[in-house]
>>> print(open('target_26.txt').read())   # compact mmCIF, C-alpha atoms
# COMPACT_ATOMS: atom_id res chain seq x y z
CA MET J 18 4.37 21.10 -15.56
CA ALA J 19 3.20 17.82 -14.01
CA HIS J 20 1.35 16.41 -11.01
CA VAL J 21 1.84 13.49 -8.61
CA THR J 22 -1.00 12.03 -6.54
CA PHE J 23 0.26 9.98 -3.59
CA VAL J 24 -1.77 7.26 -1.79
CA HIS J 25 -0.58 6.12 1.63
CA GLY J 26 -0.71 2.63 3.11
CA ILE J 27 -1.48 0.79 6.33
CA ALA J 28 -1.27 2.10 9.90
CA ASN J 29 -1.83 5.52 11.38
CA LYS J 30 -0.36 8.63 9.75
CA PRO J 31 0.39 12.25 10.56
CA PRO J 32 -2.15 14.81 9.30
CA ALA J 33 -2.38 14.82 5.52
CA GLU J 34 -0.40 18.01 4.96
CA ASP J 35 2.39 16.78 7.27
CA LEU J 36 2.56 13.36 5.61
CA LEU J 37 2.78 14.93 2.15
CA ARG J 38 5.58 17.18 3.41
CA VAL J 39 7.47 14.15 4.79
CA TRP J 40 7.22 12.30 1.48
CA ARG J 41 8.26 15.31 -0.59
CA ARG J 42 11.22 15.86 1.74
CA ALA J 43 12.24 12.20 1.38
CA LEU J 44 12.49 12.75 -2.37
CA ALA J 45 14.31 16.08 -2.06
CA ASP J 46 16.84 14.97 0.58
CA ALA J 47 17.96 11.78 -1.13
CA ALA J 48 21.40 11.21 -2.65
CA GLU J 49 19.93 11.92 -6.09
CA PRO J 50 17.47 14.65 -5.07
CA LEU J 51 14.12 15.06 -6.75
CA PRO J 52 12.69 18.32 -5.30
CA LEU J 53 9.27 18.23 -6.92
CA GLY J 54 8.25 21.74 -5.92
CA ASP J 55 11.44 23.31 -7.26
CA LEU J 56 10.88 21.45 -10.52
CA GLY J 57 7.34 22.82 -10.88
CA VAL J 58 5.65 19.51 -10.07
CA THR J 59 2.51 19.83 -7.95
CA THR J 60 1.42 17.12 -5.51
CA SER J 61 -1.63 15.90 -3.60
CA LEU J 62 -2.44 13.01 -1.28
CA VAL J 63 -5.31 10.54 -1.02
CA TYR J 64 -5.62 10.36 2.77
CA TRP J 65 -7.70 7.70 4.56
CA ALA J 66 -6.00 7.08 7.93
CA ASP J 67 -8.70 9.16 9.63
CA LEU J 68 -11.24 6.46 8.73
CA MET J 69 -9.29 3.94 10.82
CA TYR J 70 -7.86 5.97 13.70
CA GLU J 71 -9.29 8.33 16.31
CA LYS J 72 -6.55 10.94 15.92
CA PRO J 73 -3.51 11.32 13.65
CA GLN J 74 0.06 10.43 14.51
CA ASP J 75 1.65 13.21 16.57
CA ASP J 76 5.27 13.03 15.46
CA ALA J 77 5.56 13.44 11.70
CA SER J 78 9.35 13.09 11.87
CA ALA J 79 8.98 9.49 13.04
CA GLU J 80 6.75 8.52 10.11
CA GLU J 81 7.52 4.87 9.39
CA ALA J 82 11.16 5.14 10.43
CA THR J 83 10.91 1.83 12.29
CA GLY J 84 8.31 -0.81 12.91
CA GLU J 85 8.19 0.26 16.55
CA ALA J 86 7.47 3.89 15.60
CA LEU J 87 4.66 2.82 13.31
CA LEU J 88 3.07 0.72 16.03
CA ASP J 89 3.49 3.37 18.71
CA ALA J 90 1.46 5.69 16.49
CA SER J 91 -1.07 3.07 15.44
CA GLY J 92 -1.74 1.09 18.58
CA SER J 93 -3.37 -2.31 18.19
CA ALA J 94 -5.96 -3.37 15.66
CA GLU J 95 -8.59 -5.95 16.40
CA GLN J 96 -8.72 -8.88 14.02
CA PRO J 97 -11.60 -8.33 11.59
CA GLN J 98 -14.71 -10.28 12.47
CA PRO J 99 -15.98 -12.16 9.42
CA ALA J 100 -19.63 -11.70 8.57
CA ASN J 101 -19.83 -14.92 6.54
CA ALA J 102 -17.85 -17.93 5.36
CA GLU J 103 -16.31 -16.03 2.42
CA GLU J 104 -14.84 -13.39 4.70
CA ALA J 105 -13.60 -16.02 7.16
CA ALA J 106 -11.86 -17.91 4.37
CA PHE J 107 -10.28 -14.70 3.07
CA ILE J 108 -8.87 -13.73 6.49
CA ALA J 109 -7.54 -17.23 7.14
CA ALA J 110 -5.91 -17.49 3.70
CA VAL J 111 -4.20 -14.10 3.88
CA ARG J 112 -2.96 -14.81 7.39
CA ALA J 113 -1.54 -18.14 6.24
CA LYS J 114 0.50 -16.35 3.55
CA LEU J 115 2.08 -14.19 6.25
CA THR J 116 2.84 -16.86 8.84
CA ALA J 117 2.10 -20.44 9.81
CA LEU J 118 2.42 -19.59 13.50
CA SER J 119 -0.54 -19.32 15.84
CA ALA J 120 -1.30 -16.09 17.67
CA ALA J 121 -0.04 -17.71 20.89
CA GLN J 122 3.25 -18.67 19.25
CA MET J 123 3.72 -15.20 17.80
CA THR J 124 3.25 -13.52 21.16
CA ALA J 125 5.34 -16.01 23.17
CA ALA J 126 8.24 -14.08 24.68
CA GLU J 127 10.66 -16.98 24.25
CA LEU J 128 9.98 -17.41 20.53
CA PRO J 129 13.18 -16.97 18.49
CA GLY J 130 13.33 -14.51 15.62
CA THR J 131 13.02 -17.26 13.00
CA THR J 132 11.19 -20.58 13.19
CA SER J 133 12.66 -23.12 10.81
CA GLY J 134 9.53 -25.20 10.48
CA ALA J 135 7.15 -22.33 9.73
CA GLN J 136 6.37 -21.00 6.28
CA GLY J 137 5.33 -17.48 5.36
CA THR J 138 6.62 -13.99 4.74
CA PHE J 139 6.96 -13.03 8.39
CA GLU J 140 9.36 -15.92 9.08
CA ARG J 141 11.90 -14.17 6.86
CA VAL J 142 11.51 -10.70 8.40
CA PRO J 143 14.07 -9.77 11.09
CA LEU J 144 11.65 -8.16 13.54
CA PRO J 145 10.47 -9.23 17.02
CA TRP J 146 7.35 -11.35 16.84
CA PHE J 147 5.23 -9.04 18.99
CA ILE J 148 5.81 -6.36 16.33
CA LYS J 149 5.10 -8.75 13.46
CA LYS J 150 1.80 -9.79 15.00
CA ARG J 151 0.58 -6.23 15.42
CA ILE J 152 1.61 -5.35 11.87
CA MET J 153 -0.25 -8.40 10.59
CA ASP J 154 -3.39 -7.45 12.54
CA ILE J 155 -3.33 -3.91 11.11
CA PHE J 156 -2.83 -5.19 7.57
CA LEU J 157 -5.57 -7.82 7.87
CA ARG J 158 -8.06 -5.27 9.19
CA ASP J 159 -7.29 -2.64 6.55
CA VAL J 160 -7.35 -4.97 3.55
CA HIS J 161 -10.47 -6.78 4.79
CA HIS J 162 -12.43 -3.60 5.52
CA TYR J 163 -11.60 -2.15 2.11
CA LEU J 164 -12.21 -5.19 -0.07
CA PHE J 165 -15.42 -6.17 1.73
CA ASP J 166 -16.61 -2.55 2.09
CA THR J 167 -17.05 -2.97 5.83
CA GLU J 168 -18.89 -0.34 7.86
CA PHE J 169 -16.36 0.93 10.38
CA ALA J 170 -15.37 3.95 12.44
CA PRO J 171 -12.88 4.69 15.22
CA PRO J 172 -14.32 5.55 18.65
CA GLY J 173 -16.65 8.52 18.65
CA ARG J 174 -17.22 8.54 14.89
CA THR J 175 -20.14 7.52 12.70
CA PRO J 176 -19.38 4.30 10.78
CA VAL J 177 -18.99 4.58 7.02
CA HIS J 178 -18.55 2.07 4.21
CA ILE J 179 -14.77 1.98 3.95
CA GLN J 180 -14.41 1.06 0.27
CA GLN J 181 -17.07 3.46 -0.95
CA THR J 182 -15.64 6.34 1.08
CA ILE J 183 -12.02 5.79 0.03
CA ARG J 184 -13.01 5.27 -3.60
CA GLN J 185 -14.75 8.64 -3.58
CA ARG J 186 -11.69 10.30 -2.09
CA PHE J 187 -9.49 8.77 -4.76
CA VAL J 188 -11.84 9.81 -7.56
CA ASP J 189 -12.07 13.33 -6.15
CA ALA J 190 -8.27 13.57 -5.99
CA VAL J 191 -7.71 12.28 -9.51
CA CYS J 192 -10.67 13.94 -11.21
CA GLY J 193 -11.22 17.07 -9.20
CA GLN J 194 -7.99 18.88 -9.91
CA SER J 195 -6.99 20.99 -12.85
CA VAL J 196 -3.45 19.65 -13.13
CA SER J 197 -0.91 19.70 -15.89
CA ARG J 198 0.08 16.45 -17.50
CA PRO J 199 1.66 14.04 -17.07
CA HIS J 200 -0.29 12.98 -13.98
CA ILE J 201 1.35 10.12 -12.05
CA VAL J 202 -0.14 8.10 -9.18
CA VAL J 203 2.37 6.88 -6.57
CA SER J 204 0.89 4.42 -4.07
CA HIS J 205 2.33 2.51 -1.13
CA SER J 206 1.25 -0.67 0.66
CA MET J 207 -2.55 -0.92 1.02
CA GLY J 208 -2.67 2.28 -1.04
CA THR J 209 -1.64 0.21 -4.08
CA VAL J 210 -4.79 -1.90 -3.70
CA ILE J 211 -6.87 1.29 -3.53
CA ALA J 212 -5.15 2.83 -6.55
CA TYR J 213 -5.49 -0.33 -8.64
CA ASP J 214 -9.11 -0.91 -7.65
CA CYS J 215 -10.09 2.63 -8.62
CA LEU J 216 -8.08 2.78 -11.85
CA LYS J 217 -9.30 -0.63 -13.01
CA ARG J 218 -12.81 -0.89 -11.60
CA VAL J 219 -14.33 2.55 -10.92
CA ALA J 220 -15.95 4.02 -14.03
CA ALA J 221 -16.05 7.56 -12.62
CA CYS J 222 -12.25 7.68 -12.21
CA ALA J 223 -10.30 9.85 -14.63
CA ASN J 224 -7.30 8.68 -16.65
CA VAL J 225 -3.73 9.14 -15.44
CA ASP J 226 -0.46 8.88 -17.31
CA GLY J 227 1.42 6.43 -15.12
CA LEU J 228 1.32 4.34 -11.94
CA ILE J 229 4.09 3.52 -9.46
CA THR J 230 3.46 0.98 -6.71
CA ILE J 231 5.84 0.40 -3.77
CA GLY J 232 5.60 -2.37 -1.17
CA SER J 233 2.45 -3.69 -2.81
CA PRO J 234 0.39 -6.68 -1.61
CA LEU J 235 -1.33 -6.98 -5.02
CA GLY J 236 0.51 -10.26 -5.60
CA LEU J 237 -1.76 -12.03 -3.12
CA ASP J 238 -4.14 -14.45 -4.84
CA GLU J 239 -6.80 -13.62 -2.26
CA ILE J 240 -6.69 -9.92 -3.13
CA GLN J 241 -6.77 -10.67 -6.84
CA ASP J 242 -9.84 -12.86 -6.35
CA LYS J 243 -11.66 -9.88 -4.83
CA LEU J 244 -10.86 -7.78 -7.91
CA HIS J 245 -12.90 -10.01 -10.24
CA PRO J 246 -14.47 -9.72 -12.73
CA GLU J 247 -12.53 -6.70 -13.97
CA TRP J 248 -9.19 -8.29 -13.06
CA THR J 249 -7.92 -11.34 -14.89
CA ARG J 250 -4.36 -12.55 -15.00
CA ALA J 251 -4.28 -12.24 -18.79
CA ASN J 252 -5.71 -8.69 -18.82
CA GLY J 253 -5.15 -7.27 -15.37
CA PHE J 254 -3.25 -4.18 -16.45
CA PRO J 255 -5.44 -1.10 -15.79
CA ARG J 256 -5.12 0.20 -19.34
CA GLU J 257 -8.62 1.64 -19.12
CA ARG J 258 -7.22 4.54 -17.08
CA VAL J 259 -3.41 4.24 -17.13
CA ALA J 260 -2.09 5.62 -20.38
CA ALA J 261 1.55 4.60 -20.11
CA ASP J 262 3.69 2.61 -17.67
CA TRP J 263 3.16 0.80 -14.38
CA ILE J 264 6.38 0.43 -12.36
CA ASN J 265 6.44 -1.73 -9.21
CA LEU J 266 9.25 -1.54 -6.64
CA TYR J 267 9.60 -4.17 -3.94
CA ASP J 268 11.90 -5.38 -1.19
CA ARG J 269 11.78 -9.15 -0.61
CA LEU J 270 12.05 -8.62 3.16
CA ASP J 271 9.11 -6.23 3.18
CA PRO J 272 6.49 -8.12 5.23
CA VAL J 273 3.54 -6.65 3.33
CA CYS J 274 4.68 -7.63 -0.16
CA GLY J 275 7.34 -10.30 0.35
CA PHE J 276 5.01 -13.28 -0.20
CA ASP J 277 4.72 -12.47 -3.94
CA PRO J 278 6.35 -9.12 -4.68
CA ALA J 279 6.64 -9.14 -8.49
CA LEU J 280 3.43 -8.25 -10.35
CA ALA J 281 4.22 -8.53 -14.07
CA ASN J 282 2.92 -12.09 -14.38
CA ASP J 283 -0.35 -11.33 -12.53
CA TYR J 284 -1.32 -8.07 -14.23
CA ARG J 285 -0.67 -8.75 -17.89
CA GLU J 286 -1.97 -6.92 -20.95
CA ARG J 287 -3.29 -9.14 -23.73
CA ASP J 288 -1.42 -11.95 -21.95
CA THR J 289 1.88 -10.04 -22.15
CA GLY J 290 3.84 -8.98 -19.09
CA VAL J 291 4.13 -5.18 -19.16
CA VAL J 292 4.48 -4.17 -15.48
CA LYS J 293 8.10 -3.20 -14.78
CA ASP J 294 9.12 -4.94 -11.54
CA ILE J 295 12.20 -3.48 -9.83
CA PRO J 296 13.72 -5.17 -6.74
CA VAL J 297 15.34 -2.86 -4.18
CA GLU J 298 16.89 -3.33 -0.75
CA ASN J 299 15.74 -0.93 1.94
CA ASP J 300 17.99 -0.43 4.93
CA GLY J 301 17.36 -1.53 8.49
CA ALA J 302 15.00 -4.17 9.86
CA TRP J 303 11.78 -2.35 8.93
CA ARG J 304 11.68 -2.67 5.14
CA HIS J 305 8.09 -1.50 4.53
CA SER J 306 8.74 2.21 5.14
CA ALA J 307 7.38 4.43 2.37
CA THR J 308 10.15 6.97 2.87
CA LYS J 309 12.79 4.27 2.40
CA TYR J 310 11.24 3.33 -0.94
CA LEU J 311 11.05 7.00 -1.95
CA ARG J 312 14.77 7.43 -1.26
CA GLN J 313 15.72 4.55 -3.52
CA PRO J 314 17.59 5.75 -6.64
CA ALA J 315 15.47 3.37 -8.74
CA PHE J 316 12.30 5.05 -7.50
CA ARG J 317 13.50 8.56 -8.24
CA ARG J 318 14.71 7.56 -11.70
CA SER J 319 11.36 5.93 -12.40
CA LEU J 320 9.34 8.93 -11.27
CA ARG J 321 11.63 11.39 -13.04
CA GLY J 322 11.23 9.45 -16.28
CA MET J 323 7.42 9.27 -15.97
CA LEU J 324 7.27 13.01 -15.30
CA GLY J 325 9.39 13.73 -18.36
CA LEU J 326 12.02 15.59 -16.32
>>> encode(input="target_26.txt", output="structure tokens")
Amino acid sequence: MAHVTFVHGIANKPPAEDLLRVWRRALADAAEPLPLGDLGVTTSLVYWADLMYEKPQDDASAEEATGEALLDASGSAEQPQPANAEEAAFIAAVRAKLTALSAAQMTAAELPGTTSGAQGTFERVPLPWFIKKRIMDIFLRDVHHYLFDTEFAPPGRTPVHIQQTIRQRFVDAVCGQSVSRPHIVVSHSMGTVIAYDCLKRVAACANVDGLITIGSPLGLDEIQDKLHPEWTRANGFPRERVAADWINLYDRLDPVCGFDPALANDYRERDTGVVKDIPVENDGAWRHSATKYLRQPAFRRSLRGMLGL
């Protein structure tokens, strides 16, 4: 009847089959249930956490429930080491969008939850600063390694080019399946950068019928600059391989997308805003959870409509 390809975001994850089960259950158990399997909708997942972590998250039930749970599963990430001035400028600029605080200030035990003089997304997020810093480090590493195609591997593995490897996995997932249409891509967090990059910039990628992004950092100028020359603000919509709509859901207190959460003005088609931006409010302090976005009524209505259900 239809097919959904999911793409996960930052931080460590359970094994692919467990993560897909968690996401499908989040849709089925919501107040307005969307049980994809019962409706004849098949699903698959573009999985890339194994490229960043030595072993998968053990407890699938804790998947992104809180910021603490995410960090317990992910550990710490070392700040990416720039190979040149361009990479150094990118890392510094992205970090500045997240917070104006130094690493020492962020880790100071006496630091209050909000600093009035600082500017940046993380100043608005009601989480302890030691959690915010670790989240920022993970995000900076993942987005840097992908956009600059860094060679990387967790301990005991052979390094690979991160962008090339993930691109191939995405292309294989989208092109290598005999699926019924419509075919919708649902991507979260750093997964939205991967999905956009492949749908806009990778010639080998097949067409899909729709795109949904949740908690997306694609509003960052620094990310957009790395998507040139295919991306321009006037013609950034990936019409080459997205036949119908692009819907973008965001929470303004989501630390990964809160700096510039709406995308319609940055990914226009023939200089016309066509991305459908939908603000939502996830519960709790940790607003970046994929499962919280999936449980939003606006998400389920959007996906149901794209699937023609």
>>> atom_distance(input="target_26.txt", atom1="CA of Lys114 in chain J", atom2="CA of Arg304 in chain J")
17.7 Å
>>> residues_around(input="target_26.txt", residues="Gln98 in chain J", least_positions_apart="5", cutoff="9 Å", atoms="only C-alpha atoms", output="number ranges by chain")
J: 104-105, 158
>>> closest_residue(input="target_26.txt", among="J:Ala281, J:Met323, J:Pro99, J:Leu270", to="Asn299 in chain J", atoms="all atoms listed in the file")
J:Leu270
>>> residues_around(input="target_26.txt", residues="Tyr70 in chain J", least_positions_apart="6", cutoff="9 Å", atoms="all atoms listed in the file", output="JSON list (two decimals) with C-alpha atoms, in the coordinates of the input")
[["chain", "number", "residue", "atom", "x", "y", "z"],
["J", 28, "ALA", "CA", -1.27, 2.10, 9.90],
["J", 29, "ASN", "CA", -1.83, 5.52, 11.38],
["J", 30, "LYS", "CA", -0.36, 8.63, 9.75],
["J", 91, "SER", "CA", -1.07, 3.07, 15.44],
["J", 170, "ALA", "CA", -15.37, 3.95, 12.44],
["J", 171, "PRO", "CA", -12.88, 4.69, 15.22],
["J", 172, "PRO", "CA", -14.32, 5.55, 18.65]]
>>> atom_distance(input="target_26.txt", atom1="CA of Leu118 in chain J", atom2="CA of Glu239 in chain J")
19.2 Å
>>> closest_residue(input="target_26.txt", among="J:Gly227, J:Gln74, J:Asp288, J:Phe23", to="Thr209 in chain J", atoms="only C-alpha atoms")
J:Phe23
>>> closest_atom_pairs(input="target_26.txt", of="range 139-232 of chain J", to="range 255-261 of chain J", cutoff="10 Å", atoms="only C-alpha atoms", output="Markdown table")
| residue | atom | partner | partner_atom | distance |
| --- | --- | --- | --- | --- |
| J:Pro199 | CA | J:Ala260 | CA | 9.8 |
| J:His200 | CA | J:Val259 | CA | 9.8 |
| J:Ile201 | CA | J:Val259 | CA | 9.1 |
| J:Val202 | CA | J:Val259 | CA | 9.4 |
| J:Tyr213 | CA | J:Pro255 | CA | 7.2 |
| J:Asp214 | CA | J:Pro255 | CA | 8.9 |
| J:Cys215 | CA | J:Arg258 | CA | 9.1 |
| J:Leu216 | CA | J:Arg258 | CA | 5.6 |
| J:Lys217 | CA | J:Pro255 | CA | 4.8 |
| J:Arg218 | CA | J:Pro255 | CA | 8.5 |
| J:Val219 | CA | J:Arg258 | CA | 9.6 |
| J:Ala220 | CA | J:Glu257 | CA | 9.2 |
| J:Cys222 | CA | J:Arg258 | CA | 7.7 |
| J:Ala223 | CA | J:Arg258 | CA | 6.6 |
| J:Asn224 | CA | J:Arg258 | CA | 4.2 |
| J:Val225 | CA | J:Val259 | CA | 5.2 |
| J:Asp226 | CA | J:Ala260 | CA | 4.8 |
| J:Gly227 | CA | J:Ala261 | CA | 5.3 |
| J:Leu228 | CA | J:Val259 | CA | 7.0 |
>>> closest_residue(input="target_26.txt", among="J:Leu235, J:Leu266, J:Leu320, J:Ala190", to="Asp283 in chain J", atoms="all atoms listed in the file")
J:Leu235
>>> closest_residue(input="target_26.txt", among="J:Asp46, J:Glu168, J:Asp189, J:Asp154", to="Ile27 in chain J", atoms="only C-alpha atoms")
J:Asp154
>>> build_atoms(input="target_26.txt", residues="range 248-267 of chain J", atoms="N, CA and C atoms", output="PDB file, keeping the file's coordinate frame")
ATOM      1  N   TRP J 248     -10.546  -7.748 -13.012  1.00  0.00           N
ATOM      2  CA  TRP J 248      -9.190  -8.290 -13.060  1.00  0.00           C
ATOM      3  C   TRP J 248      -9.194  -9.709 -13.601  1.00  0.00           C
ATOM      4  N   THR J 249      -8.294  -9.977 -14.530  1.00  0.00           N
ATOM      5  CA  THR J 249      -7.920 -11.340 -14.890  1.00  0.00           C
ATOM      6  C   THR J 249      -6.411 -11.342 -15.041  1.00  0.00           C
ATOM      7  N   ARG J 250      -5.818 -12.486 -14.876  1.00  0.00           N
ATOM      8  CA  ARG J 250      -4.360 -12.550 -15.000  1.00  0.00           C
ATOM      9  C   ARG J 250      -3.905 -12.168 -16.401  1.00  0.00           C
ATOM     10  N   ALA J 251      -4.664 -12.528 -17.411  1.00  0.00           N
ATOM     11  CA  ALA J 251      -4.280 -12.240 -18.790  1.00  0.00           C
ATOM     12  C   ALA J 251      -4.462 -10.769 -19.149  1.00  0.00           C
ATOM     13  N   ASN J 252      -5.438 -10.097 -18.505  1.00  0.00           N
ATOM     14  CA  ASN J 252      -5.710  -8.690 -18.820  1.00  0.00           C
ATOM     15  C   ASN J 252      -5.973  -7.897 -17.541  1.00  0.00           C
ATOM     16  N   GLY J 253      -5.020  -7.985 -16.623  1.00  0.00           N
ATOM     17  CA  GLY J 253      -5.150  -7.270 -15.370  1.00  0.00           C
ATOM     18  C   GLY J 253      -4.578  -5.871 -15.379  1.00  0.00           C
ATOM     19  N   PHE J 254      -3.821  -5.532 -16.396  1.00  0.00           N
ATOM     20  CA  PHE J 254      -3.250  -4.180 -16.450  1.00  0.00           C
ATOM     21  C   PHE J 254      -4.369  -3.157 -16.568  1.00  0.00           C
ATOM     22  N   PRO J 255      -4.332  -2.081 -15.790  1.00  0.00           N
ATOM     23  CA  PRO J 255      -5.440  -1.100 -15.790  1.00  0.00           C
ATOM     24  C   PRO J 255      -5.348  -0.118 -16.944  1.00  0.00           C
ATOM     25  N   ARG J 256      -5.282  -0.657 -18.154  1.00  0.00           N
ATOM     26  CA  ARG J 256      -5.120   0.200 -19.340  1.00  0.00           C
ATOM     27  C   ARG J 256      -6.306   1.118 -19.551  1.00  0.00           C
ATOM     28  N   GLU J 257      -7.441   0.782 -18.976  1.00  0.00           N
ATOM     29  CA  GLU J 257      -8.620   1.640 -19.120  1.00  0.00           C
ATOM     30  C   GLU J 257      -8.321   3.064 -18.670  1.00  0.00           C
ATOM     31  N   ARG J 258      -7.455   3.201 -17.639  1.00  0.00           N
ATOM     32  CA  ARG J 258      -7.220   4.540 -17.080  1.00  0.00           C
ATOM     33  C   ARG J 258      -5.748   4.832 -16.807  1.00  0.00           C
ATOM     34  N   VAL J 259      -4.842   3.965 -17.247  1.00  0.00           N
ATOM     35  CA  VAL J 259      -3.410   4.240 -17.130  1.00  0.00           C
ATOM     36  C   VAL J 259      -2.834   4.261 -18.542  1.00  0.00           C
ATOM     37  N   ALA J 260      -2.459   5.446 -18.986  1.00  0.00           N
ATOM     38  CA  ALA J 260      -2.090   5.620 -20.380  1.00  0.00           C
ATOM     39  C   ALA J 260      -0.739   5.020 -20.727  1.00  0.00           C
ATOM     40  N   ALA J 261       0.199   5.040 -19.782  1.00  0.00           N
ATOM     41  CA  ALA J 261       1.550   4.600 -20.110  1.00  0.00           C
ATOM     42  C   ALA J 261       1.984   3.466 -19.179  1.00  0.00           C
ATOM     43  N   ASP J 262       3.043   3.695 -18.390  1.00  0.00           N
ATOM     44  CA  ASP J 262       3.690   2.610 -17.670  1.00  0.00           C
ATOM     45  C   ASP J 262       3.125   2.381 -16.270  1.00  0.00           C
ATOM     46  N   TRP J 263       3.340   1.164 -15.783  1.00  0.00           N
ATOM     47  CA  TRP J 263       3.160   0.800 -14.380  1.00  0.00           C
ATOM     48  C   TRP J 263       4.495   0.226 -13.920  1.00  0.00           C
ATOM     49  N   ILE J 264       5.110   0.877 -12.926  1.00  0.00           N
ATOM     50  CA  ILE J 264       6.380   0.430 -12.360  1.00  0.00           C
ATOM     51  C   ILE J 264       6.139   0.005 -10.916  1.00  0.00           C
ATOM     52  N   ASN J 265       6.665  -1.152 -10.542  1.00  0.00           N
ATOM     53  CA  ASN J 265       6.440  -1.730  -9.210  1.00  0.00           C
ATOM     54  C   ASN J 265       7.784  -1.994  -8.542  1.00  0.00           C
ATOM     55  N   LEU J 266       8.034  -1.326  -7.411  1.00  0.00           N
ATOM     56  CA  LEU J 266       9.250  -1.540  -6.640  1.00  0.00           C
ATOM     57  C   LEU J 266       8.945  -2.368  -5.405  1.00  0.00           C
ATOM     58  N   TYR J 267       9.834  -3.300  -5.083  1.00  0.00           N
ATOM     59  CA  TYR J 267       9.600  -4.170  -3.940  1.00  0.00           C
ATOM     60  C   TYR J 267      10.907  -4.550  -3.266  1.00  0.00           C
TER      61      TYR J 267
END
